[in-house]
file coords30.cif (mmCIF, C-alpha atoms)
data_upload
#
loop_
_atom_site.group_PDB
_atom_site.id
_atom_site.type_symbol
_atom_site.label_atom_id
_atom_site.label_comp_id
_atom_site.auth_asym_id
_atom_site.auth_seq_id
_atom_site.Cartn_x
_atom_site.Cartn_y
_atom_site.Cartn_z
ATOM 1 C CA MET A 1 0.000 0.000 0.000
ATOM 2 C CA ASN A 2 0.953 3.642 -0.369
ATOM 3 C CA TRP A 3 1.162 5.742 2.772
ATOM 4 C CA LEU A 4 1.452 9.504 3.218
ATOM 5 C CA ILE A 5 2.527 10.719 6.667
ATOM 6 C CA LEU A 6 1.656 14.323 7.493
ATOM 7 C CA THR A 7 3.757 16.028 10.154
ATOM 8 C CA THR A 8 5.276 19.360 11.144
ATOM 9 C CA ARG A 9 8.922 20.253 11.611
ATOM 10 C CA ASP A 10 10.070 16.654 11.259
ATOM 11 C CA LEU A 11 8.457 15.451 14.485
ATOM 12 C CA PRO A 12 9.970 12.234 15.861
ATOM 13 C CA GLU A 13 6.678 10.343 16.010
ATOM 14 C CA ALA A 14 6.459 10.638 12.219
ATOM 15 C CA GLY A 15 9.904 9.107 11.969
ATOM 16 C CA ILE A 16 8.923 6.130 14.116
ATOM 17 C CA MET A 17 5.799 5.478 12.034
ATOM 18 C CA ALA A 18 7.785 5.811 8.796
ATOM 19 C CA ASP A 19 10.401 3.361 10.077
ATOM 20 C CA PHE A 20 7.679 0.867 11.059
ATOM 21 C CA LEU A 21 6.100 1.004 7.609
ATOM 22 C CA LEU A 22 9.428 0.779 5.821
ATOM 23 C CA ARG A 23 10.310 -2.351 7.786
ATOM 24 C CA LYS A 24 7.009 -3.767 6.524
ATOM 25 C CA ALA A 25 8.179 -3.080 2.938
ATOM 26 C CA GLN A 26 5.598 -0.335 2.398
ATOM 27 C CA ASP A 27 5.757 2.660 0.049
ATOM 28 C CA VAL A 28 6.042 5.687 2.356
ATOM 29 C CA VAL A 29 6.182 9.427 1.715
ATOM 30 C CA VAL A 30 6.504 11.976 4.516
ATOM 31 C CA LEU A 31 4.964 15.401 3.934
ATOM 32 C CA ASP A 32 6.646 17.733 6.403
ATOM 33 C CA VAL A 33 5.197 21.216 6.945
ATOM 34 C CA ARG A 34 8.144 23.435 7.789
ATOM 35 C CA GLY A 35 6.118 25.492 10.263
ATOM 36 C CA ARG A 36 4.389 28.831 10.421
ATOM 37 C CA THR A 37 5.955 31.992 9.097
ATOM 38 C CA ARG A 38 6.189 34.961 11.442
ATOM 39 C CA ALA A 39 3.145 36.498 9.809
ATOM 40 C CA GLN A 40 1.163 33.285 10.275
ATOM 41 C CA SER A 41 2.262 32.970 13.915
ATOM 42 C CA PHE A 42 1.225 36.564 14.567
ATOM 43 C CA ALA A 43 -2.165 35.898 12.963
ATOM 44 C CA VAL A 44 -2.667 32.862 15.241
ATOM 45 C CA LEU A 45 -1.844 34.941 18.326
ATOM 46 C CA LYS A 46 -4.280 37.633 17.231
ATOM 47 C CA ARG A 47 -6.986 35.026 16.765
ATOM 48 C CA LEU A 48 -6.319 33.556 20.230
ATOM 49 C CA ALA A 49 -6.471 37.023 21.791
ATOM 50 C CA ARG A 50 -9.715 37.792 19.987
ATOM 51 C CA LYS A 51 -11.375 34.510 20.988
ATOM 52 C CA ARG A 52 -10.022 34.113 24.531
ATOM 53 C CA GLY A 53 -8.848 37.543 25.635
ATOM 54 C CA ALA A 54 -5.556 39.300 26.264
ATOM 55 C CA GLY A 55 -5.237 37.663 29.693
ATOM 56 C CA TYR A 56 -5.231 34.196 28.167
ATOM 57 C CA LEU A 57 -2.714 35.251 25.525
ATOM 58 C CA ALA A 58 -0.269 36.581 28.119
ATOM 59 C CA ASP A 59 -0.685 33.418 30.206
ATOM 60 C CA PHE A 60 -0.165 31.238 27.125
ATOM 61 C CA LEU A 61 3.029 33.037 26.102
ATOM 62 C CA LEU A 62 4.409 32.719 29.631
ATOM 63 C CA GLY A 63 3.491 29.042 29.685
ATOM 64 C CA ARG A 64 5.255 28.466 26.391
ATOM 65 C CA ALA A 65 8.389 30.116 27.765
ATOM 66 C CA LEU A 66 8.324 27.994 30.938
ATOM 67 C CA ARG A 67 7.098 24.734 29.429
ATOM 68 C CA GLY A 68 10.502 23.122 28.993
ATOM 69 C CA ARG A 69 11.511 23.952 32.551
ATOM 70 C CA VAL A 70 8.295 22.594 34.074
ATOM 71 C CA LEU A 71 8.103 19.425 31.954
ATOM 72 C CA ASP A 72 11.853 18.597 31.876
ATOM 73 C CA PRO A 73 13.109 18.589 28.265
ATOM 74 C CA ALA A 74 15.237 15.506 28.970
ATOM 75 C CA ALA A 75 12.058 13.414 29.314
ATOM 76 C CA GLN A 76 11.444 12.610 25.648
ATOM 77 C CA PRO A 77 8.878 10.041 24.478
ATOM 78 C CA PHE A 78 10.882 9.126 21.353
ATOM 79 C CA PRO A 79 14.598 9.428 22.196
ATOM 80 C CA GLU A 80 15.636 6.979 19.476
ATOM 81 C CA ILE A 81 14.837 9.525 16.749
ATOM 82 C CA THR A 82 18.157 11.373 16.843
ATOM 83 C CA SER A 83 19.519 13.731 14.198
ATOM 84 C CA ALA A 84 21.353 10.787 12.675
ATOM 85 C CA ALA A 85 18.180 8.678 12.634
ATOM 86 C CA ARG A 86 16.280 11.509 10.914
ATOM 87 C CA ALA A 87 18.990 11.827 8.277
ATOM 88 C CA ALA A 88 18.959 8.068 7.689
ATOM 89 C CA LEU A 89 15.175 8.067 7.230
ATOM 90 C CA ARG A 90 15.500 10.696 4.516
ATOM 91 C CA THR A 91 17.636 8.268 2.529
ATOM 92 C CA ARG A 92 15.093 5.466 2.965
ATOM 93 C CA CYS A 93 11.866 7.236 1.953
ATOM 94 C CA ARG A 94 10.765 10.314 0.096
ATOM 95 C CA HIS A 95 10.163 13.571 1.963
ATOM 96 C CA LEU A 96 8.154 16.528 0.700
ATOM 97 C CA ASP A 97 9.097 19.656 2.647
ATOM 98 C CA VAL A 98 6.443 22.340 2.157
ATOM 99 C CA ASP A 99 5.451 25.678 3.614
ATOM 100 C CA ASP A 100 1.774 25.436 2.694
ATOM 101 C CA PRO A 101 0.157 21.979 2.690
ATOM 102 C CA HIS A 102 -2.791 23.358 0.728
ATOM 103 C CA ALA A 103 -0.809 25.074 -2.034
ATOM 104 C CA PRO A 104 -1.858 23.934 -5.526
ATOM 105 C CA GLU A 105 1.552 22.411 -6.215
ATOM 106 C CA THR A 106 1.402 20.423 -2.948
ATOM 107 C CA LEU A 107 -2.071 19.112 -3.712
ATOM 108 C CA ALA A 108 -0.973 18.161 -7.221
ATOM 109 C CA ARG A 109 2.026 16.197 -5.918
ATOM 110 C CA VAL A 110 -0.112 14.359 -3.354
ATOM 111 C CA ALA A 111 -2.692 13.550 -6.041
ATOM 112 C CA GLU A 112 0.094 12.021 -8.144
ATOM 113 C CA LEU A 113 1.137 9.837 -5.203
ATOM 114 C CA ARG A 114 -2.363 8.364 -4.909
ATOM 115 C CA PRO A 115 -1.925 7.414 -1.218
ATOM 116 C CA ASP A 116 -4.109 4.647 0.132
ATOM 117 C CA TYR A 117 -3.970 6.183 3.614
ATOM 118 C CA VAL A 118 -2.939 9.531 5.024
ATOM 119 C CA LEU A 119 -1.647 9.415 8.605
ATOM 120 C CA PHE A 120 -1.644 12.536 10.778
ATOM 121 C CA LEU A 121 1.310 12.694 13.172
ATOM 122 C CA GLY A 122 1.596 16.215 14.506
ATOM 123 C CA ALA A 123 0.079 17.863 11.449
ATOM 124 C CA PRO A 124 -1.626 21.265 11.538
ATOM 125 C CA VAL A 125 -5.328 21.551 10.760
ATOM 126 C CA ILE A 126 -5.661 20.052 7.281
ATOM 127 C CA LYS A 127 -8.487 20.782 4.861
ATOM 128 C CA PRO A 128 -10.523 18.100 3.048
ATOM 129 C CA GLU A 129 -8.928 18.967 -0.285
ATOM 130 C CA LEU A 130 -5.698 17.384 1.019
ATOM 131 C CA TYR A 131 -6.737 14.525 3.295
ATOM 132 C CA GLY A 132 -9.581 13.668 0.919
ATOM 133 C CA LEU A 133 -6.958 12.556 -1.611
ATOM 134 C CA ALA A 134 -6.476 9.375 0.442
ATOM 135 C CA ARG A 135 -8.095 6.521 -1.479
ATOM 136 C CA ARG A 136 -9.037 4.534 1.636
ATOM 137 C CA GLY A 137 -9.052 7.077 4.436
ATOM 138 C CA ALA A 138 -7.131 9.462 6.674
ATOM 139 C CA LEU A 139 -6.361 8.650 10.310
ATOM 140 C CA ASN A 140 -5.316 10.899 13.166
ATOM 141 C CA TRP A 141 -3.756 10.227 16.555
ATOM 142 C CA HIS A 142 -5.344 12.555 19.095
ATOM 143 C CA HIS A 143 -3.644 12.990 22.479
ATOM 144 C CA GLY A 144 -6.845 12.850 24.492
ATOM 145 C CA LEU A 145 -10.097 11.011 25.101
ATOM 146 C CA ALA A 146 -12.395 12.597 22.537
ATOM 147 C CA PRO A 147 -14.911 14.120 22.689
ATOM 148 C CA ARG A 148 -14.444 14.917 26.388
ATOM 149 C CA TYR A 149 -10.990 16.306 25.670
ATOM 150 C CA ARG A 150 -10.503 17.776 22.209
ATOM 151 C CA GLY A 151 -8.053 20.379 20.962
ATOM 152 C CA SER A 152 -4.545 20.959 22.294
ATOM 153 C CA ASP A 153 -2.486 19.681 25.249
ATOM 154 C CA CYS A 154 -5.307 17.401 26.357
ATOM 155 C CA VAL A 155 -3.147 15.231 28.639
ATOM 156 C CA LEU A 156 -1.946 18.318 30.478
ATOM 157 C CA TRP A 157 -5.447 19.782 30.644
ATOM 158 C CA ALA A 158 -6.809 16.543 32.139
ATOM 159 C CA MET A 159 -4.075 16.728 34.780
ATOM 160 C CA ALA A 160 -4.826 20.391 35.405
ATOM 161 C CA ASN A 161 -8.482 19.416 35.916
ATOM 162 C CA ASP A 162 -7.359 16.616 38.271
ATOM 163 C CA GLU A 163 -9.002 14.019 36.037
ATOM 164 C CA PHE A 164 -6.306 11.374 35.915
ATOM 165 C CA ASP A 165 -8.906 8.777 34.991
ATOM 166 C CA GLN A 166 -9.646 10.733 31.800
ATOM 167 C CA ILE A 167 -6.166 10.521 30.291
ATOM 168 C CA GLY A 168 -5.527 8.525 27.153
ATOM 169 C CA PHE A 169 -5.595 8.719 23.367
ATOM 170 C CA THR A 170 -7.978 8.400 20.445
ATOM 171 C CA ILE A 171 -7.232 7.105 16.944
ATOM 172 C CA HIS A 172 -9.954 8.322 14.600
ATOM 173 C CA PHE A 173 -10.789 8.922 10.982
ATOM 174 C CA VAL A 174 -10.231 12.522 9.958
ATOM 175 C CA SER A 175 -13.345 14.589 9.328
ATOM 176 C CA PRO A 176 -14.117 18.292 8.841
ATOM 177 C CA ILE A 177 -14.762 18.483 12.612
ATOM 178 C CA VAL A 178 -11.389 18.786 14.343
ATOM 179 C CA ASP A 179 -10.812 15.675 16.514
ATOM 180 C CA GLY A 180 -14.403 14.678 15.736
ATOM 181 C CA GLY A 181 -14.169 11.764 13.297
ATOM 182 C CA ARG A 182 -15.252 8.181 13.795
ATOM 183 C CA VAL A 183 -13.255 6.435 16.533
ATOM 184 C CA VAL A 184 -11.168 3.393 15.584
ATOM 185 C CA LEU A 185 -9.315 2.919 18.874
ATOM 186 C CA GLN A 186 -9.640 4.724 22.189
ATOM 187 C CA ARG A 187 -7.731 3.755 25.269
ATOM 188 C CA ARG A 188 -7.267 5.149 28.758
ATOM 189 C CA VAL A 189 -3.684 5.247 29.988
ATOM 190 C CA ALA A 190 -2.721 4.762 33.616
ATOM 191 C CA VAL A 191 -0.375 7.632 34.400
ATOM 192 C CA ARG A 192 2.871 6.436 35.905
ATOM 193 C CA LYS A 193 3.672 7.495 39.469
ATOM 194 C CA ASP A 194 7.284 6.296 39.579
ATOM 195 C CA VAL A 195 8.727 8.919 37.216
ATOM 196 C CA SER A 196 8.913 12.697 36.919
ATOM 197 C CA PHE A 197 6.051 14.870 35.676
ATOM 198 C CA GLY A 198 7.650 15.234 32.248
ATOM 199 C CA ALA A 199 8.439 11.525 31.979
ATOM 200 C CA ALA A 200 4.837 10.624 32.879
ATOM 201 C CA VAL A 201 3.498 12.890 30.119
ATOM 202 C CA ALA A 202 6.049 11.420 27.693
ATOM 203 C CA ASP A 203 4.935 7.890 28.582
ATOM 204 C CA VAL A 204 1.323 8.703 27.679
ATOM 205 C CA ALA A 205 2.529 9.951 24.294
ATOM 206 C CA ARG A 206 4.564 6.814 23.726
ATOM 207 C CA GLN A 207 1.586 4.610 24.462
ATOM 208 C CA GLY A 208 -0.551 6.677 22.107
ATOM 209 C CA LEU A 209 1.863 6.170 19.237
ATOM 210 C CA ASN A 210 2.008 2.455 20.017
ATOM 211 C CA GLY A 211 -1.785 2.419 19.692
ATOM 212 C CA PHE A 212 -1.587 4.148 16.312
ATOM 213 C CA ILE A 213 0.970 1.605 15.092
ATOM 214 C CA GLU A 214 -1.367 -1.146 16.329
ATOM 215 C CA VAL A 215 -4.149 0.262 14.137
ATOM 216 C CA VAL A 216 -1.866 0.542 11.104
ATOM 217 C CA ASP A 217 -0.678 -3.028 11.670
ATOM 218 C CA ARG A 218 -4.300 -4.184 11.493
ATOM 219 C CA LEU A 219 -4.593 -2.582 8.073
ATOM 220 C CA LEU A 220 -1.393 -4.265 6.930
ATOM 221 C CA SER A 221 -2.806 -7.637 7.968
ATOM 222 C CA GLY A 222 -5.872 -7.041 5.809
ATOM 223 C CA GLN A 223 -8.340 -6.320 8.612
ATOM 224 C CA GLU A 224 -11.218 -3.907 8.134
ATOM 225 C CA LEU A 225 -11.247 -1.149 10.721
ATOM 226 C CA GLU A 226 -14.380 -1.051 12.821
ATOM 227 C CA SER A 227 -15.307 2.426 13.965
ATOM 228 C CA ARG A 228 -17.971 4.245 15.919
ATOM 229 C CA GLU A 229 -19.358 7.753 15.965
ATOM 230 C CA GLN A 230 -18.157 9.971 18.758
ATOM 231 C CA GLU A 231 -20.551 10.969 21.482
ATOM 232 C CA LYS A 232 -21.867 14.513 21.559
ATOM 233 C CA GLY A 233 -20.505 17.230 23.786
ATOM 234 C CA GLY A 234 -17.026 17.553 25.191
ATOM 235 C CA THR A 235 -14.711 20.540 25.403
ATOM 236 C CA HIS A 236 -12.240 21.940 22.894
ATOM 237 C CA TYR A 237 -9.141 23.070 24.792
ATOM 238 C CA PRO A 238 -6.682 25.718 23.580
ATOM 239 C CA PRO A 239 -2.895 25.453 23.976
ATOM 240 C CA ILE A 240 -2.233 25.329 27.708
ATOM 241 C CA GLY A 241 -1.064 28.423 29.572
ATOM 242 C CA CYS A 242 1.188 28.971 32.560
ATOM 243 C CA ARG A 243 -1.413 28.758 35.307
ATOM 244 C CA ALA A 244 -2.969 25.521 34.076
ATOM 245 C CA LEU A 245 0.472 24.024 33.427
ATOM 246 C CA ARG A 246 1.555 24.734 36.990
ATOM 247 C CA ARG A 247 -1.749 23.346 38.265
ATOM 248 C CA ALA A 248 -1.145 20.169 36.248
ATOM 249 C CA ALA A 249 2.329 19.810 37.761
ATOM 250 C CA GLY A 250 0.963 20.281 41.284
ATOM 251 C CA ASN A 251 -1.857 17.809 40.762
ATOM 252 C CA PHE A 252 0.607 15.275 39.361
ATOM 253 C CA ALA A 253 2.826 15.627 42.452
ATOM 254 C CA ARG A 254 -0.156 14.864 44.691
ATOM 255 C CA TYR A 255 -1.297 12.012 42.441
ATOM 256 C CA ALA A 256 2.178 10.456 42.420
ATOM 257 C CA ALA A 257 2.392 10.656 46.211
ATOM 258 C CA SER A 258 -0.997 8.981 46.712
#

call {"tool": "encode", "arguments": {"input": "coords30.cif", "output": "structure tokens"}}
result
Amino acid sequence: MNWLILTTRDLPEAGIMADFLLRKAQDVVVLDVRGRTRAQSFAVLKRLARKRGAGYLADFLLGRALRGRVLDPAAQPFPEITSAARAALRTRCRHLDVDDPHAPETLARVAELRPDYVLFLGAPVIKPELYGLARRGALNWHHGLAPRYRGSDCVLWAMANDEFDQIGFTIHFVSPIVDGGRVVLQRRVAVRKDVSFGAAVADVARQGLNGFIEVVDRLLSGQELESREQEKGGTHYPPIGCRALRRAAGNFARYAAS
């Protein structure tokens, strides 16, 4: 089968999925979105300020500055994807590095590839004109239990809300509703108590990717994917800010000590 992996800034989880598929002798192309330009980043910040207020924006920017210190940057979910491993992957499968995933030339190149499946691994919000080019379907790994937790930083938000029983991941078909497609696999993850805050968050991510690989392996074995509609309701969370991040860290400390 032909597989297109969508990611941003060469995220390591995309590399692990690409390596898995290559070891299964699959045809793999990675479409890597280089990231937002300054103008695009400024537009996103303006939109956040308009929707959620200047107070949220200031808290978000502070949280982004402190995130590495609070979470411990040494606690990585995918440490095996080093610079050397990334370079090696680029010799083993094709990479399309683009600024705009919806540019006409990008859409034309994807149409030529005729991917059976498109896999979202850290991709930005993608429009139907791109993911709809998948002949069999597009799948996303969402870091949360949808629909209760949709949007961004859902593991951290669940910790900030002191809902450790609502932490997990969802593998779903991509639809026009962000994080709202039919669910293929959803699993709660028991948060580890024997590691640091950052390592516990990293472990949830690792288990989520393992679940995504499990789904892809089913497809490789010829299984049809059963799916179900998501329930109604839930909350769409924005990128987490400083106050909620600190609350998550404090709740984790109490949880780990219990």

call {"tool": "atom_distance", "arguments": {"input": "coords30.cif", "atom1": "CA of Ala202 in chain A", "atom2": "CA of His142 in chain A"}}
result
14.3 Å

call {"tool": "resolve_selection", "arguments": {"input": "coords30.cif", "expression": "the PyMOL selection byres ((chain A and resi 34) around 9)", "output": "VMD selection string"}}
result
chain A and resid 7 to 10 32 to 33 35 to 37 97 to 100

call {"tool": "atom_distance", "arguments": {"input": "coords30.cif", "atom1": "CA of Phe169 in chain A", "atom2": "CA of Lys24 in chain A"}}
result
24.5 Å

call {"tool": "closest_atom_pairs", "arguments": {"input": "coords30.cif", "of": "range 100-151 of chain A", "to": "range 231-252 of chain A", "cutoff": "12 Å", "atoms": "all atoms listed in the file", "output": "CSV"}}
result
residue,atom,partner,partner_atom,distance
A:His143,CA,A:Tyr237,CA,11.7
A:Gly144,CA,A:Tyr237,CA,10.5
A:Leu145,CA,A:Gly234,CA,9.5
A:Ala146,CA,A:Gly234,CA,7.3
A:Pro147,CA,A:Gly234,CA,4.7
A:Arg148,CA,A:Gly234,CA,3.9
A:Tyr149,CA,A:Thr235,CA,5.6
A:Arg150,CA,A:His236,CA,4.6
A:Gly151,CA,A:Tyr237,CA,4.8

call {"tool": "atom_distance", "arguments": {"input": "coords30.cif", "atom1": "CA of Phe173 in chain A", "atom2": "CA of Asn140 in chain A"}}
result
6.2 Å

call {"tool": "closest_residue", "arguments": {"input": "coords30.cif", "among": "A:Ile16, A:Leu66, A:Val201, A:Leu107", "to": "Lys127 in chain A", "atoms": "only C-alpha atoms"}}
result
A:Leu107

call {"tool": "closest_residue", "arguments": {"input": "coords30.cif", "among": "A:Pro79, A:Pro73, A:Gly53, A:Gly211", "to": "Val184 in chain A", "atoms": "all atoms listed in the file"}}
result
A:Gly211

call {"tool": "closest_residue", "arguments": {"input": "coords30.cif", "among": "A:Val110, A:Phe212, A:Ala253, A:Asp116", "to": "Ala160 in chain A", "atoms": "all atoms listed in the file"}}
result
A:Ala253

call {"tool": "resolve_selection", "arguments": {"input": "coords30.cif", "expression": "the PyMOL selection byres ((chain A and resi 2) around 10)", "output": "ChimeraX atom specification"}}
result
/A:1,3-4,21,26-29,113-118,134-135

call {"tool": "write_last_selection", "arguments": {"input": "coords30.cif", "atoms": "C-alpha atoms", "output": "tab-separated table (two decimals), keeping the file's coordinate frame"}}
result
chain	number	residue	atom	x	y	z
A	1	MET	CA	0.00	0.00	0.00
A	3	TRP	CA	1.16	5.74	2.77
A	4	LEU	CA	1.45	9.50	3.22
A	21	LEU	CA	6.10	1.00	7.61
A	26	GLN	CA	5.60	-0.34	2.40
A	27	ASP	CA	5.76	2.66	0.05
A	28	VAL	CA	6.04	5.69	2.36
A	29	VAL	CA	6.18	9.43	1.72
A	113	LEU	CA	1.14	9.84	-5.20
A	114	ARG	CA	-2.36	8.36	-4.91
A	115	PRO	CA	-1.92	7.41	-1.22
A	116	ASP	CA	-4.11	4.65	0.13
A	117	TYR	CA	-3.97	6.18	3.61
A	118	VAL	CA	-2.94	9.53	5.02
A	134	ALA	CA	-6.48	9.38	0.44
A	135	ARG	CA	-8.10	6.52	-1.48

call {"tool": "closest_residue", "arguments": {"input": "coords30.cif", "among": "A:Val183, A:Ala205, A:Ala108, A:Ala138", "to": "Asp153 in chain A", "atoms": "all atoms listed in the file"}}
result
A:Ala205

call {"tool": "resolve_selection", "arguments": {"input": "coords30.cif", "expression": "the PyMOL selection byres ((chain A and resi 57) around 12)", "output": "PDB file with C-alpha atoms, keeping the file's coordinate frame"}}
result
ATOM      1  CA  PHE A  42       1.225  36.564  14.567  1.00  0.00           C
ATOM      2  CA  VAL A  44      -2.667  32.862  15.241  1.00  0.00           C
ATOM      3  CA  LEU A  45      -1.844  34.941  18.326  1.00  0.00           C
ATOM      4  CA  LYS A  46      -4.280  37.633  17.231  1.00  0.00           C
ATOM      5  CA  ARG A  47      -6.986  35.026  16.765  1.00  0.00           C
ATOM      6  CA  LEU A  48      -6.319  33.556  20.230  1.00  0.00           C
ATOM      7  CA  ALA A  49      -6.471  37.023  21.791  1.00  0.00           C
ATOM      8  CA  ARG A  50      -9.715  37.792  19.987  1.00  0.00           C
ATOM      9  CA  LYS A  51     -11.375  34.510  20.988  1.00  0.00           C
ATOM     10  CA  ARG A  52     -10.022  34.113  24.531  1.00  0.00           C
ATOM     11  CA  GLY A  53      -8.848  37.543  25.635  1.00  0.00           C
ATOM     12  CA  ALA A  54      -5.556  39.300  26.264  1.00  0.00           C
ATOM     13  CA  GLY A  55      -5.237  37.663  29.693  1.00  0.00           C
ATOM     14  CA  TYR A  56      -5.231  34.196  28.167  1.00  0.00           C
ATOM     15  CA  ALA A  58      -0.269  36.581  28.119  1.00  0.00           C
ATOM     16  CA  ASP A  59      -0.685  33.418  30.206  1.00  0.00           C
ATOM     17  CA  PHE A  60      -0.165  31.238  27.125  1.00  0.00           C
ATOM     18  CA  LEU A  61       3.029  33.037  26.102  1.00  0.00           C
ATOM     19  CA  LEU A  62       4.409  32.719  29.631  1.00  0.00           C
ATOM     20  CA  GLY A  63       3.491  29.042  29.685  1.00  0.00           C
ATOM     21  CA  ARG A  64       5.255  28.466  26.391  1.00  0.00           C
ATOM     22  CA  PRO A 238      -6.682  25.718  23.580  1.00  0.00           C
ATOM     23  CA  PRO A 239      -2.895  25.453  23.976  1.00  0.00           C
ATOM     24  CA  ILE A 240      -2.233  25.329  27.708  1.00  0.00           C
ATOM     25  CA  GLY A 241      -1.064  28.423  29.572  1.00  0.00           C
ATOM     26  CA  CYS A 242       1.188  28.971  32.560  1.00  0.00           C
ATOM     27  CA  ARG A 243      -1.413  28.758  35.307  1.00  0.00           C
TER      28      ARG A 243
END

call {"tool": "residues_around", "arguments": {"input": "coords30.cif", "residues": "Ala18 in chain A", "least_positions_apart": "3", "cutoff": "8 Å", "atoms": "all atoms listed in the file", "output": "PyMOL selection string"}}
result
chain A and resi 5+14-15+21-22+28+30+89

call {"tool": "closest_residue", "arguments": {"input": "coords30.cif", "among": "A:Glu214, A:Asp194, A:Asp179, A:Asp165", "to": "Pro124 in chain A", "atoms": "all atoms listed in the file"}}
result
A:Asp179

call {"tool": "closest_residue", "arguments": {"input": "coords30.cif", "among": "A:Leu209, A:Met159, A:Leu119, A:Ala256", "to": "Val174 in chain A", "atoms": "only C-alpha atoms"}}
result
A:Leu119

call {"tool": "axis_aligned_box", "arguments": {"input": "coords30.cif", "around": "range 101-116 of chain A", "padding_each_side": "4 Å", "output": "lines of an AutoDock Vina configuration file"}}
result
center_x = -1.0
center_y = 14.9
center_z = -2.7
size_x = 14.1
size_y = 28.4
size_z = 18.8

call {"tool": "residues_around", "arguments": {"input": "coords30.cif", "residues": "Ala74 in chain A", "least_positions_apart": "2", "cutoff": "12 Å", "atoms": "all atoms listed in the file", "output": "list in words"}}
result
Gly68, Arg69, Val70, Leu71, Asp72, Gln76, Pro77, Phe78, Pro79, Ser196, Phe197, Gly198, Ala199 and Ala202 of chain A

call {"tool": "residues_near_point", "arguments": {"input": "coords30.cif", "point": "(-11.8, -1.7, 12.2)", "cutoff": "12 Å", "atoms": "all atoms listed in the file", "output": "VMD selection string"}}
result
chain A and resid 139 171 to 173 182 to 185 214 to 228

call {"tool": "residues_around", "arguments": {"input": "coords30.cif", "residues": "Arg188 in chain A", "least_positions_apart": "5", "cutoff": "7 Å", "atoms": "all atoms listed in the file", "output": "list in words"}}
result
Gln166, Ile167, Gly168 and Phe169 of chain A
